[in-house]
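*Asks:* A single structure is presented below for examination.
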Amino acid sequence: MSSELDSLYQEIILDHYKNPHHQGLRDPFEAEVHHVNPTCGDEITLRVHLVDGAEGPVVQDVSYDSVGCSISQASTSVMTDLVIGKPLDEALSVHEEFLTLMQGKGKVEPDEDVLEDGIAFAGVAKFPARIKCALLAWMAWKDATTQTLEARDG
């Protein structure tokens, strides 16, 4: 990865860290989860609100309250941008794409059309200790979404 790209990615991460999107816990919501990254102490409380769309559930809102490093905070902001307003199936495939990027040890070429600002985390994948930071919110979102679906299907 070029140093130009690295600095662009750092700028994107810093921007989301300084100006987090969708922050603050909101109603309504169907599930609330609390996840902690024990290795660094990052924490997130996250809520998911799904509504019925023409093709199935749609991610109406994801709200959160979190403390942690710039990577976990920025990743949370990016994740909310990527899943809010999308049909759940599409949001889950974005989740899979981000997971693949994070588990690729820096060798996976991110798909900008799918991940948008999420591509900024490509460099993070080279640092195993930071991957959990980047994935904290994504795992919390998946957990809350799964709980919501289980409650809906009763």
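Following the order of the structure tokens, chains are lettered A, B, ..., residues in each are numbered from 1, and ligands are numbered from 1.
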Any idea what's packed within 8 Å of Asp117 in chain A, counting only C-alpha atoms, ignoring anything in its chain fewer than 4 positions away? Could you give it as number ranges by chain?

*Replies:* A: 12, 78, 112

*Asks:* Keeping only C-alpha atoms, write the selected residues as a PDB file, in the first residue's frame.

*Replies:*
```pdb
ATOM      1  CA  ILE A  12     -10.804   9.041   6.826  1.00  0.00           C
ATOM      2  CA  VAL A  78     -18.462   3.911   9.242  1.00  0.00           C
ATOM      3  CA  GLU A 112     -14.927   0.535  -2.479  1.00  0.00           C
TER       4      GLU A 112
END
```

*Asks:* Write out as JSON, numbers by chain all residues of chain A that backbone DSSP assigns to strand (DSSP E or B).

*Replies:* {"A": [23, 24, 31, 32, 33, 34, 35, 36, 37, 42, 43, 44, 45, 46, 47, 48, 49, 50, 51, 52, 53, 56, 57, 58, 59, 60, 61, 62, 63, 64, 65, 66, 67, 87]}

*Asks:* For range 23-33 of chain A, find every residue with an atom within 7 Å (counting only C-alpha atoms), except residues of its own chain fewer than 2 positions away, and show them as a list in words.

*Replies:* Pro20, His21, His35, Thr45, Leu46, Arg47, Val48, His49, Ser63, Tyr64, Asp65, Ala140, Ala144, Gln147 and Thr148 of chain A

*Asks:* What does the file look like for those residues with N, CA and C atoms, as a compact mmCIF listing (two decimals), in the first residue's frame?

*Replies:*
```txt
# COMPACT_ATOMS: atom_id res chain seq x y z
N PRO A 20 -18.13 11.55 14.74
CA PRO A 20 -18.82 10.26 14.59
C PRO A 20 -20.27 10.43 14.13
N HIS A 21 -20.66 9.58 13.19
CA HIS A 21 -22.02 9.62 12.65
C HIS A 21 -22.95 8.74 13.50
N HIS A 35 -20.95 -4.76 24.19
CA HIS A 35 -19.76 -5.55 23.88
C HIS A 35 -18.51 -4.84 24.40
N THR A 45 -22.24 0.12 23.59
CA THR A 45 -23.63 -0.27 23.78
C THR A 45 -24.30 0.12 22.48
N LEU A 46 -24.97 -0.84 21.86
CA LEU A 46 -25.51 -0.61 20.52
C LEU A 46 -26.95 -1.08 20.44
N ARG A 47 -27.76 -0.30 19.75
CA ARG A 47 -29.18 -0.64 19.54
C ARG A 47 -29.47 -0.77 18.05
N VAL A 48 -30.35 -1.72 17.73
CA VAL A 48 -30.75 -1.94 16.35
C VAL A 48 -32.27 -1.80 16.25
N HIS A 49 -32.71 -1.11 15.21
CA HIS A 49 -34.14 -0.97 14.92
C HIS A 49 -34.39 -1.40 13.48
N SER A 63 -28.06 2.84 16.67
CA SER A 63 -27.56 3.91 17.52
C SER A 63 -26.64 3.31 18.56
N TYR A 64 -25.74 4.11 19.09
CA TYR A 64 -24.73 3.56 19.98
C TYR A 64 -24.14 4.60 20.91
N ASP A 65 -23.53 4.09 21.94
CA ASP A 65 -22.75 4.88 22.88
C ASP A 65 -21.48 4.07 23.06
N ALA A 140 -21.05 -6.33 17.48
CA ALA A 140 -22.19 -5.89 18.29
C ALA A 140 -23.42 -5.74 17.41
N ALA A 144 -26.87 -7.83 17.88
CA ALA A 144 -28.15 -7.15 18.10
C ALA A 144 -29.15 -7.49 17.00
N GLN A 147 -30.43 -11.03 17.52
CA GLN A 147 -31.42 -11.03 18.62
C GLN A 147 -32.76 -10.47 18.15
N THR A 148 -32.70 -9.42 17.36
CA THR A 148 -33.93 -8.79 16.83
C THR A 148 -34.69 -9.77 15.95
```

*Asks:* Contacts of Ser75 in chain A at 8 Å or less, counting only C-alpha atoms, minus same-chain residues fewer than 5 places along, as an mmCIF file with C-alpha atoms, in the first residue's frame?

*Replies:*
```cif
data_model
loop_
_atom_site.group_PDB
_atom_site.id
_atom_site.type_symbol
_atom_site.label_atom_id
_atom_site.label_comp_id
_atom_site.auth_asym_id
_atom_site.auth_seq_id
_atom_site.Cartn_x
_atom_site.Cartn_y
_atom_site.Cartn_z
ATOM 1 C CA ILE A 13 -10.408 7.226 10.161
ATOM 2 C CA HIS A 16 -14.940 9.570 11.570
ATOM 3 C CA GLY A 118 -14.708 1.113 5.247
ATOM 4 C CA PHE A 121 -9.473 -0.090 7.507
ATOM 5 C CA ALA A 134 -12.148 -2.389 14.088
ATOM 6 C CA LEU A 135 -14.576 -5.307 14.469
ATOM 7 C CA ALA A 137 -19.065 -2.465 16.541
#
```

*Asks:* List as a PyMOL selection string the protein and nucleic acid residues near Ala120 in chain A, meaning an atom at most 12 Å away when only C-alpha atoms are counted, but skip any in the same chain fewer than 5 places from it.

*Replies:* chain A and resi 1+5-16+71+74-75+78-79+98+101-102+106+109-112+115+125+134

*Asks:* Can you tell me how far CA of Val67 in chain A sits from CA of Leu99 in chain A, in Å to one decimal?

*Replies:* 21.5 Å

*Asks:* What residues in range 7-70 of chain A get the DSSP label alpha helix (DSSP H)? Please answer as number ranges by chain.

*Replies:* A: 7-18, 70

*Asks:* Grab the residues selected above and save them as an mmCIF file, in the first residue's frame with C-alpha atoms.

*Replies:*
```cif
data_model
loop_
_atom_site.group_PDB
_atom_site.id
_atom_site.type_symbol
_atom_site.label_atom_id
_atom_site.label_comp_id
_atom_site.auth_asym_id
_atom_site.auth_seq_id
_atom_site.Cartn_x
_atom_site.Cartn_y
_atom_site.Cartn_z
ATOM 1 C CA SER A 7 -2.373 8.826 4.803
ATOM 2 C CA LEU A 8 -5.719 9.088 3.007
ATOM 3 C CA TYR A 9 -6.982 6.115 5.036
ATOM 4 C CA GLN A 10 -5.692 7.702 8.248
ATOM 5 C CA GLU A 11 -7.534 10.924 7.368
ATOM 6 C CA ILE A 12 -10.804 9.041 6.826
ATOM 7 C CA ILE A 13 -10.408 7.226 10.161
ATOM 8 C CA LEU A 14 -9.520 10.458 11.971
ATOM 9 C CA ASP A 15 -12.495 12.255 10.425
ATOM 10 C CA HIS A 16 -14.940 9.570 11.570
ATOM 11 C CA TYR A 17 -13.286 9.535 15.015
ATOM 12 C CA LYS A 18 -13.588 13.323 15.423
ATOM 13 C CA SER A 70 -9.814 5.994 17.285
#
```

*Asks:* Using only C-alpha atoms, pick whichever of A:His22, A:Arg152, A:Glu90, A:Leu82 has the shortest atom-to-atom distance to Val62 in chain A.

*Replies:*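 Under the stated criterion, the closest residue is A:His22.
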
*Asks:* Using CA of Ile84 in chain A and CA of Glu97 in chain A as the two end points, give the distance in Å to one decimal.

*Replies:*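 Between CA of Ile84 in chain A and CA of Glu97 in chain A the gap is 16.1 Å.
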
*Asks:* Just the number, please: distance in Å from CA of Pro87 in chain A to CA of Asn19 in chain A, one decimal.

*Replies:* 25.5 Å

*Asks:* Out of A:Leu92, A:Ile44, A:Val114, A:Val108, which residue has the shortest atom-to-atom distance to Gln73 in chain A when counting only C-alpha atoms?

*Replies:*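 Going through A:Leu92, A:Ile44, A:Val114, A:Val108 one by one, the smallest distance to Gln73 in chain A is for A:Ile44.
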